[in-house]
Structure formats: structure tokens, C-alpha cells
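Undergrad: This is the content of structure-v2.txt (compact mmCIF, C-alpha atoms and all ligand atoms):
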# COMPACT_ATOMS: atom_id res chain seq x y z
CA MET A 2 109.13 100.84 104.48
CA SER A 3 108.37 102.63 107.76
CA LEU A 4 105.35 104.89 107.91
CA ILE A 5 107.61 107.90 108.48
CA GLU A 6 109.73 107.13 105.40
CA ARG A 7 106.61 106.52 103.33
CA TRP A 8 104.93 109.84 104.20
CA ARG A 9 107.99 111.90 105.16
CA ARG A 10 106.97 114.94 103.07
CA ARG A 11 103.69 115.22 104.96
CA LEU A 12 105.11 114.74 108.48
CA PRO A 13 106.99 117.08 110.84
CA VAL A 14 110.30 115.20 110.73
CA THR A 15 113.75 116.20 109.54
CA ARG A 16 116.76 114.20 108.42
CA ARG A 17 118.00 114.43 112.00
CA THR A 18 114.89 112.79 113.50
CA PRO A 19 115.85 109.29 114.71
CA VAL A 20 113.12 107.09 113.23
CA VAL A 21 111.73 104.54 115.69
CA SER A 22 109.80 102.04 113.57
CA LEU A 23 108.43 98.52 113.83
CA GLY A 24 107.07 98.48 110.27
CA GLU A 25 103.69 100.11 110.99
CA GLY A 26 101.05 101.26 108.51
CA ASP A 27 100.30 99.93 105.02
CA THR A 28 97.30 98.04 106.42
CA PRO A 29 94.78 96.33 104.14
CA LEU A 30 91.58 97.88 102.82
CA ILE A 31 89.31 94.85 102.51
CA ARG A 32 86.23 94.77 100.28
CA ALA A 33 83.27 93.63 102.43
CA ASP A 34 80.37 92.51 100.24
CA ARG A 35 78.53 90.51 102.90
CA LEU A 36 78.54 93.56 105.13
CA ALA A 37 77.34 95.68 102.21
CA GLN A 38 74.52 93.20 101.65
CA ALA A 39 73.55 93.19 105.34
CA ALA A 40 73.45 96.99 105.22
CA GLY A 41 71.38 97.01 102.01
CA LEU A 42 74.18 98.66 100.01
CA GLU A 43 75.68 97.85 96.60
CA PRO A 44 78.37 95.17 96.31
CA GLY A 45 81.78 96.83 96.09
CA SER A 46 80.72 99.91 98.04
CA VAL A 47 81.87 98.94 101.56
CA PHE A 48 85.49 98.47 102.68
CA LEU A 49 87.18 97.63 105.97
CA LYS A 50 90.40 99.44 106.89
CA PHE A 51 91.87 96.73 109.13
CA GLU A 52 94.32 98.33 111.54
CA GLY A 53 94.78 95.09 113.46
CA THR A 54 97.69 94.19 111.18
CA ASN A 55 99.89 96.91 112.67
CA PRO A 56 102.92 95.63 114.66
CA THR A 57 101.20 95.72 118.06
CA GLY A 58 97.75 95.01 116.63
CA SER A 59 96.17 98.46 116.64
CA PHE A 60 96.15 101.84 114.88
CA LYS A 61 98.05 103.35 117.81
CA ASP A 62 101.33 102.31 116.17
CA ARG A 63 100.88 104.99 113.48
CA GLY A 64 100.95 107.71 116.09
CA MET A 65 103.48 105.99 118.30
CA THR A 66 106.23 105.80 115.66
CA MET A 67 105.96 109.61 115.37
CA ALA A 68 105.61 110.33 119.10
CA MET A 69 108.54 108.07 120.03
CA SER A 70 110.81 109.36 117.26
CA LYS A 71 110.18 112.96 118.31
CA ALA A 72 110.58 112.11 122.02
CA LEU A 73 113.99 110.59 121.23
CA GLU A 74 114.93 113.55 119.05
CA GLN A 75 114.03 115.96 121.84
CA GLY A 76 116.03 113.97 124.39
CA CYS A 77 113.27 113.07 126.85
CA ARG A 78 113.66 111.31 130.23
CA GLY A 79 111.03 108.74 129.46
CA VAL A 80 107.51 108.37 128.11
CA LEU A 81 104.23 108.01 129.91
CA CYS A 82 100.60 107.39 128.99
CA ALA A 83 97.21 106.57 130.42
CA SER A 84 95.40 103.90 128.48
CA THR A 85 92.48 101.57 128.09
CA GLY A 86 95.14 99.16 126.76
CA ASN A 87 96.17 99.70 123.16
CA THR A 88 98.07 102.94 123.67
CA ALA A 89 99.94 101.24 126.51
CA ALA A 90 100.76 98.19 124.36
CA SER A 91 102.01 100.38 121.53
CA ALA A 92 103.96 102.78 123.78
CA SER A 93 105.59 99.82 125.53
CA ALA A 94 106.78 98.27 122.28
CA TYR A 95 108.05 101.49 120.69
CA ALA A 96 109.75 102.58 123.94
CA ALA A 97 111.48 99.19 124.07
CA LYS A 98 112.68 99.73 120.51
CA ALA A 99 113.80 103.30 121.34
CA GLY A 100 115.48 102.28 124.60
CA LEU A 101 113.33 104.65 126.66
CA ARG A 102 111.65 104.18 130.04
CA CYS A 103 107.91 103.72 129.67
CA VAL A 104 105.31 104.12 132.41
CA VAL A 105 101.68 103.19 131.72
CA PHE A 106 98.71 104.19 133.87
CA LEU A 107 95.89 101.68 133.47
CA PRO A 108 92.37 101.67 134.93
CA ARG A 109 92.44 98.71 137.31
CA GLY A 110 90.56 95.63 136.10
CA ALA A 111 89.42 97.32 132.87
CA VAL A 112 92.11 96.40 130.35
CA ALA A 113 91.77 93.42 127.99
CA LEU A 114 94.22 90.60 128.73
CA GLY A 115 96.16 90.67 125.46
CA LYS A 116 96.95 94.37 125.83
CA LEU A 117 98.09 93.97 129.43
CA MET A 118 100.37 91.09 128.44
CA GLN A 119 101.94 93.21 125.71
CA ALA A 120 102.84 95.91 128.26
CA VAL A 121 104.21 93.22 130.59
CA MET A 122 106.36 91.58 127.91
CA HIS A 123 107.74 94.84 126.53
CA GLY A 124 108.89 95.78 130.02
CA ALA A 125 106.72 98.81 130.73
CA GLU A 126 106.32 100.01 134.31
CA ILE A 127 102.65 99.40 135.04
CA VAL A 128 100.66 101.63 137.38
CA GLU A 129 97.14 100.43 138.23
CA VAL A 130 94.84 103.35 138.86
CA ALA A 131 91.88 102.95 141.20
CA GLY A 132 89.44 104.65 138.85
CA ASN A 133 88.47 104.78 135.20
CA PHE A 134 90.47 105.92 132.14
CA ASP A 135 89.48 109.55 132.59
CA ALA A 136 90.93 109.59 136.11
CA ALA A 137 94.05 107.79 134.86
CA LEU A 138 94.58 110.35 132.09
CA LYS A 139 94.25 113.35 134.43
CA THR A 140 96.76 111.76 136.82
CA ALA A 141 99.17 110.86 134.02
CA LEU A 142 99.13 114.35 132.50
CA ARG A 143 99.83 115.96 135.87
CA ILE A 144 102.66 113.59 136.83
CA ALA A 145 104.32 113.83 133.41
CA ASP A 146 104.23 117.61 133.62
CA GLU A 147 105.68 117.69 137.13
CA GLN A 148 108.45 115.20 136.42
CA GLY A 149 109.44 115.96 132.84
CA PHE A 150 108.19 112.84 131.08
CA THR A 151 106.83 112.99 127.54
CA VAL A 152 103.13 112.11 127.31
CA VAL A 153 102.37 109.79 124.39
CA ASN A 154 98.60 109.96 124.61
CA SER A 155 96.83 111.61 121.68
CA SER A 156 97.24 114.92 123.54
CA ASN A 157 100.72 114.67 121.98
CA PRO A 158 100.34 116.38 118.57
CA PHE A 159 102.84 114.00 116.94
CA ARG A 160 100.43 111.14 117.62
CA ILE A 161 97.77 112.87 115.53
CA GLU A 162 100.31 113.55 112.77
CA GLY A 163 101.22 109.86 112.54
CA GLN A 164 97.61 108.69 112.66
CA LYS A 165 96.49 110.99 109.83
CA THR A 166 98.48 108.76 107.44
CA ALA A 167 95.67 106.19 107.59
CA ALA A 168 93.52 108.65 105.60
CA PHE A 169 96.27 108.91 102.98
CA GLU A 170 96.36 105.13 102.64
CA VAL A 171 92.59 104.83 102.29
CA ALA A 172 92.51 107.51 99.58
CA GLU A 173 95.43 105.90 97.79
CA ALA A 174 93.79 102.46 97.82
CA LEU A 175 90.44 103.77 96.53
CA GLY A 176 91.96 106.29 94.13
CA ARG A 177 90.13 109.06 96.03
CA SER A 178 88.70 109.72 99.48
CA PRO A 179 85.57 107.69 100.37
CA ASP A 180 82.15 109.31 100.60
CA PHE A 181 81.56 108.13 104.17
CA GLN A 182 83.79 106.88 106.94
CA PHE A 183 82.43 104.99 109.94
CA MET A 184 84.63 104.53 113.00
CA PRO A 185 84.63 104.10 116.77
CA VAL A 186 85.23 107.12 119.00
CA GLY A 187 86.75 106.97 122.48
CA ASN A 188 89.21 109.65 123.48
CA ALA A 189 88.52 111.10 119.99
CA GLY A 190 92.11 111.40 118.75
CA ASN A 191 91.64 109.06 115.81
CA ILE A 192 88.64 110.79 114.23
CA THR A 193 90.52 114.07 114.70
CA ALA A 194 93.57 112.59 112.93
CA TYR A 195 91.65 111.08 109.99
CA TRP A 196 89.84 114.35 109.42
CA LYS A 197 93.15 116.25 109.42
CA GLY A 198 94.51 113.73 106.89
CA TYR A 199 91.53 114.01 104.55
CA LYS A 200 91.62 117.81 104.73
CA GLU A 201 95.33 117.85 103.89
CA LEU A 202 94.66 115.68 100.84
CA GLY A 203 92.18 118.19 99.47
CA GLY A 204 89.46 117.25 97.00
CA ARG A 205 86.23 115.68 98.10
CA ARG A 206 86.13 114.70 101.77
CA PRO A 207 84.16 111.95 103.45
CA ARG A 208 81.37 112.54 105.91
CA MET A 209 82.80 111.45 109.25
CA MET A 210 80.51 109.07 111.12
CA GLY A 211 81.82 108.39 114.64
CA PHE A 212 80.22 105.95 117.08
CA GLN A 213 80.49 105.71 120.83
CA ALA A 214 79.17 102.93 123.04
CA ALA A 215 75.74 103.85 124.45
CA GLY A 216 77.01 103.58 128.04
CA ALA A 217 80.01 105.78 127.26
CA ALA A 218 78.67 108.42 124.90
CA PRO A 219 79.64 111.87 126.22
CA LEU A 220 79.79 113.41 122.74
CA VAL A 221 76.25 112.26 121.98
CA LEU A 222 74.88 113.40 125.34
CA GLY A 223 76.82 116.67 125.25
CA ARG A 224 78.27 116.19 128.75
CA PRO A 225 80.88 113.99 130.44
CA VAL A 226 79.78 110.56 131.65
CA PRO A 227 81.18 110.03 135.17
CA ALA A 228 80.93 106.23 135.18
CA PRO A 229 81.19 105.01 131.57
CA ARG A 230 80.17 101.41 130.93
CA THR A 231 80.56 99.16 127.90
CA VAL A 232 81.83 95.73 126.91
CA ALA A 233 84.16 97.56 124.50
CA THR A 234 86.78 98.46 127.13
CA ALA A 235 88.95 100.30 124.57
CA ILE A 236 86.33 103.05 124.32
CA ARG A 237 85.11 103.05 127.92
CA ILE A 238 85.79 106.79 128.18
CA GLY A 239 83.53 109.43 129.71
CA ASP A 240 85.41 112.66 129.07
CA PRO A 241 87.31 112.57 125.76
CA TYR A 242 90.47 114.65 125.52
CA SER A 243 89.96 115.49 121.81
CA ARG A 244 86.27 116.40 122.12
CA ALA A 245 86.73 119.59 120.08
CA GLY A 246 88.50 117.73 117.26
CA ALA A 247 85.72 115.15 117.02
CA LEU A 248 82.96 117.76 116.96
CA ALA A 249 84.83 119.76 114.30
CA ALA A 250 85.21 116.61 112.16
CA ARG A 251 81.48 115.96 112.50
CA ASP A 252 80.38 119.51 111.78
CA GLU A 253 82.84 120.38 109.01
CA SER A 254 82.14 117.10 107.18
CA GLY A 255 78.37 117.07 107.62
CA GLY A 256 78.77 113.84 109.58
CA LEU A 257 77.46 112.42 112.80
CA ILE A 258 78.55 111.23 116.24
CA GLY A 259 76.09 108.57 117.33
CA SER A 260 75.89 105.71 119.76
CA VAL A 261 75.43 101.94 119.52
CA THR A 262 74.48 99.50 122.24
CA ASP A 263 76.73 96.73 123.51
CA ALA A 264 74.40 94.21 121.87
CA GLN A 265 74.85 95.97 118.52
CA ILE A 266 78.63 96.11 119.01
CA LEU A 267 78.85 92.39 119.83
CA ALA A 268 76.58 91.43 116.92
CA SER A 269 78.85 93.32 114.49
CA TYR A 270 81.99 91.90 116.12
CA ARG A 271 80.65 88.41 115.53
CA PHE A 272 79.37 89.17 112.02
CA LEU A 273 82.77 90.49 110.87
CA ALA A 274 84.56 87.41 112.18
CA ARG A 275 82.09 84.89 110.77
CA GLU A 276 80.99 86.51 107.51
CA GLU A 277 83.98 88.60 106.50
CA GLY A 278 86.84 86.60 108.03
CA VAL A 279 88.07 89.64 109.91
CA PHE A 280 88.60 89.32 113.66
CA CYS A 281 88.66 92.76 115.25
CA GLU A 282 88.27 93.74 118.87
CA PRO A 283 84.84 94.74 120.22
CA ALA A 284 85.45 98.52 120.16
CA SER A 285 86.48 98.29 116.50
CA ALA A 286 83.06 96.91 115.62
CA ALA A 287 81.30 100.07 116.87
CA GLY A 288 81.71 101.80 113.50
CA VAL A 289 80.21 98.83 111.66
CA ALA A 290 77.38 98.67 114.20
CA GLY A 291 76.81 102.36 113.44
CA LEU A 292 76.67 101.68 109.70
CA LEU A 293 74.07 98.93 110.19
CA LYS A 294 72.10 101.15 112.56
CA VAL A 295 71.80 104.08 110.14
CA CYS A 296 71.04 101.76 107.21
CA ARG A 297 68.29 99.98 109.12
CA ALA A 298 66.81 103.35 110.04
CA GLY A 299 66.56 104.10 106.30
CA ARG A 300 69.27 106.76 106.45
CA GLY A 301 71.95 104.68 104.71
CA PRO A 302 74.91 106.31 102.97
CA ARG A 303 75.32 106.62 99.20
CA GLY A 304 78.67 106.05 97.55
CA THR A 305 81.81 104.46 98.92
CA VAL A 306 81.92 103.60 102.60
CA VAL A 307 85.00 102.81 104.68
CA CYS A 308 84.69 101.30 108.16
CA VAL A 309 87.81 101.56 110.28
CA LEU A 310 88.58 98.46 112.36
CA THR A 311 90.98 99.86 114.93
CA GLY A 312 92.39 96.77 116.67
CA HIS A 313 92.85 93.01 116.40
CA GLY A 314 90.43 90.55 117.98
CA LEU A 315 93.26 88.65 119.70
CA LYS A 316 93.67 91.65 121.99
CA ASP A 317 90.61 90.63 123.97
CA PRO A 318 90.36 86.85 124.35
CA GLY A 319 87.94 87.26 127.26
CA THR A 320 85.18 88.70 125.09
CA ALA A 321 85.76 86.14 122.33
CA ALA A 322 85.44 83.35 124.91
CA ARG A 323 81.82 84.40 125.52
CA PHE A 324 81.00 82.97 122.09
CA SER A 325 82.13 79.46 122.97
CA PRO A 326 80.52 77.09 120.47
CA ARG A 327 79.20 73.59 121.09
CA ARG A 328 82.24 71.33 121.00
CA ARG A 329 82.36 67.64 120.08
CA ALA A 330 84.57 65.10 121.75
CA PHE A 331 86.59 62.60 119.78
CA ALA A 332 88.37 59.43 120.82
CA PRO A 333 91.09 58.57 118.26
CA GLY A 334 90.41 55.33 116.43
CA ARG A 335 86.64 55.84 116.44
CA ARG A 336 84.59 56.82 113.41
CA PHE A 337 83.68 60.51 113.11
CA GLU A 338 80.70 61.84 111.13
CA LEU A 339 81.11 65.41 109.83
N1 LIG B 1 89.40 101.46 119.00
C1 LIG B 1 90.36 100.93 119.77
C2 LIG B 1 90.71 99.50 119.57
C3 LIG B 1 91.02 101.74 120.73
O1 LIG B 1 91.97 101.20 121.49
C4 LIG B 1 90.63 103.07 120.88
C5 LIG B 1 91.25 103.93 121.88
C6 LIG B 1 89.64 103.56 120.03
C7 LIG B 1 89.04 102.73 119.11
C8 LIG B 1 89.18 104.97 120.09
O2 LIG B 1 90.13 105.82 119.54
O3 LIG B 1 90.49 107.25 121.51
O4 LIG B 1 91.29 107.93 119.25
O5 LIG B 1 88.86 107.91 119.78
N2 LIG B 1 92.06 103.51 122.75
C9 LIG B 1 92.82 104.37 123.68
C10 LIG B 1 93.84 103.57 124.44
C11 LIG B 1 91.99 105.26 124.49
O6 LIG B 1 94.20 103.95 125.58
O7 LIG B 1 94.32 102.58 123.94
P1 LIG B 1 90.19 107.33 120.04
So, in terms of C-alpha cells, how does the structure I just supplied come out?
Ligand code: F0G
TA:
Amino acid sequence: MSLIERWRRRLPVTRRTPVVSLGEGDTPLIRADRLAQAAGLEPGSVFLKFEGTNPTGSFKDRGMTMAMSKALEQGCRGVLCASTGNTAASASAYAAKAGLRCVVFLPRGAVALGKLMQAVMHGAEIVEVAGNFDAALKTALRIADEQGFTVVNSSNPFRIEGQKTAAFEVAEALGRSPDFQFMPVGNAGNITAYWKGYKELGGRRPRMMGFQAAGAAPLVLGRPVPAPRTVATAIRIGDPYSRAGALAARDESGGLIGSVTDAQILASYRFLAREEGVFCEPASAAGVAGLLKVCRAGRGPRGTVVCVLTGHGLKDPGTAARFSPRRRAFAPGRRFEL
């Protein structure tokens, strides 16, 4: 069932909304006992919400099914976004399905290969911006406004509506909302959306623990970062659009927005793949790195913890290739000792 059909009562759609779906949502919540052990927490207390199983391999599809359906309903000329890669991949696929023109503004040289290839294959018009994501977003918003294209970044409120359904799924799988949620923060739409979802559910709400990369941590520093740097290109963002939403999620939930270093991100990325069997992209591991960081500082959470893994590891083969293991050669016909 499509995400819109599944959660129709909680979404701003009508019977007349043409549903553009690729079968998004309904992603697994995976019990992670080795991670719990590494964090010094009880077995059965830590879960991974793996969004990499969405149709284009990231959580963006939840928002994109809503944004594209509403764009079609409203009769738009075409859709446009700026992106560090995943929004572009998702917009390209859903626009292809909807039969809409799609233009993606990408920071030149800063998008992981898998994401770029998705945009290429889905037939998006690709604009390479000489500058970072923040520059690309400002440009995209201005051009869309001038020329009547629908923006499908998380500035589009329908994106947030679609993405809040992930909170509904987590609560459904656990039988209630978790006590803590750890997740990466980039442009800050996703933490805004989860918090909206948990609030709409009512009852006890999790403390929202968002993590930025140390070289791209404007919400931690309290000011924009003009030249953000991190291996996690998905969250290489210096001036998040949904800053206010992220800070409200933090403050209303009694949570935290912290930062983790690239070394901590890569260590968690590798740990999840090797110890939990879950291959996420580097940015996705920032929430897990945050969990390990607070636990090692003796400020670990109590109760049920969910870590959101936002995208699939196959998105970014370049970073995975850094972990090239020792390989053995084999000539067929010869004996081989394991
Ligand atoms: N994780 C991944 C894999 C992402 O692609 C993003 C954002 C985030 C986390 C952060 O989510 O922006 O809602 O705080 N990617 C955007 C993009 C910016 O263009 O694909 P956020």
C-alpha cells in the first residue's frame, strides 16, 4: 500500500488528489543488540529505523510522494529542488512517475555518485552550481519563484507532512513512541517532520537528539557556517532552512542538537555494516555516532532508543571504497586455505 493510502486520514489529501507513489514507507525497525552493547545499554533497547529500503534508497521518498501528488493536483509547470543528492534522486524518480519536468540544482563535485546516477537515469535536468548546497538552495528558491516551478525541497510543507509518517510507523512498531530518538540533521526538515508526527500522535514523546557533522554544525554553533565540511556530503549544509523547526523539536522535547566528528561518523558507519548487517550512508551514521558519544560521556539515555538511518550505503560507493580490505588472489585449480 502507498504511504498516502496507509496514512490518508492524517495527511492533507482528498479523493481528488492524484497519488504519485512508488511504494514508499513501511521501512523496517531493526533491533540492534550489538549497538546497544557498544553503547552500554540493555539488550532490546536500541532499534534502527532503516530508511534505505525506500524506493530510491532514502527517507526523502516519504515527503516526495506527498509533494509530487500535490504538485500534480495543483497543475504545476514542473518541479525543482536544490540537493546534496538524495532529494534530487527522489524528486527525479517521482517526477518521472508523475510525468513532470524536474530540474535539480546540485553543488558541483559534492554529490555522491549513486545519487547523481539516479538523477541521470530518471531524466532530471541537472544544473551544477559553483558553490555549496546553501548557495544552490537560495538560487533554486529564487528561480522557482520567478518562473512558476514548484519547489520540492523541505521548504514545501507537503514534504514535512509525508515525512512525519515515519514517526507513526516507529510508534506502531514499538507499540508506543520511543523514549529517545537519535538522527542526523542537515537542512533540518526531517527532525521537524518527526517531531510533528510524534506530537500528532499524542501520549509520551521522545526526546529528540539531532546530530550534525562537526565541520557543518550551524545549529550547535548558533550561526551559519559559510564553508561547511564533512565526509557526510548529505549533511554538508551551513545554513539550514528548517532551523526553527529543529530548535523547537530540541527545546519542546528536552532533547539536544550536538555534533560528531567525521572520524566518529565513519566509525559508526563501519560498525553498523559489520556488526549489525545494515549498510547505511555516512550521514545516516551521525545519529548512531551521537548515541555512542553521549553514552561514552556517561550521559546515556534510559528507555527505548530509536536511531534513524536515513539513506542506503549504496548511495555513496566512493566512501565505502575507502575501506578496501586485504584481498587474496586465487588461480582456479589450486588449493585454497580458508
Ligand atoms: N541523511 C541523509 C541521507 C540526507 O540525504 C539528508 C538530507 C539528511 C540526513 C538530513 O536531513 O536535511 O532533513 O535534516 N539531504 C538533503 C538532500 C539535504 O538534498 O538530499 P534534513
Undergrad: At a cut-off of 9 Å around ligand LIG 1 (chain B), and using all atoms listed in the file, what residues come up? Please write them as a VMD selection string.
TA: chain A and resid 52 to 53 58 to 61 82 to 91 107 116 134 154 to 155 161 184 to 194 211 213 233 to 238 241 to 243 247 281 to 287 309 to 313 316
Undergrad: Between A:Gly239, A:Gly255, A:Gly204, A:Pro158, which is the closest to Pro13 of chain A once you count all atoms listed in the file?
TA: A:Pro158
Undergrad: Please write out, as lines of an AutoDock Vina configuration file, where the centre of an axis-aligned box around all listed atoms of segment 269-284 of chain A lies and how long its edges are, in Å to one decimal, after adding 8 Å on each side.
TA:
center_x = 83.8
center_y = 91.7
center_z = 113.4
size_x = 25.8
size_y = 29.6
size_z = 29.7
Undergrad: In Å to one decimal, how far is atom CA of Glu173 of chain A from atom CA of Arg7 of chain A?
TA: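 It comes out at 12.5 Å.
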Undergrad: What does the distance between atom CA of Gly176 of chain A and atom CA of Arg206 of chain A come to in Å, to one decimal place?
TA: 12.8 Å
Undergrad: Just give me the gap between atom CA of Gly64 of chain A and atom CA of Gly24 of chain A in Å, one decimal is fine.
TA: 12.5 Å
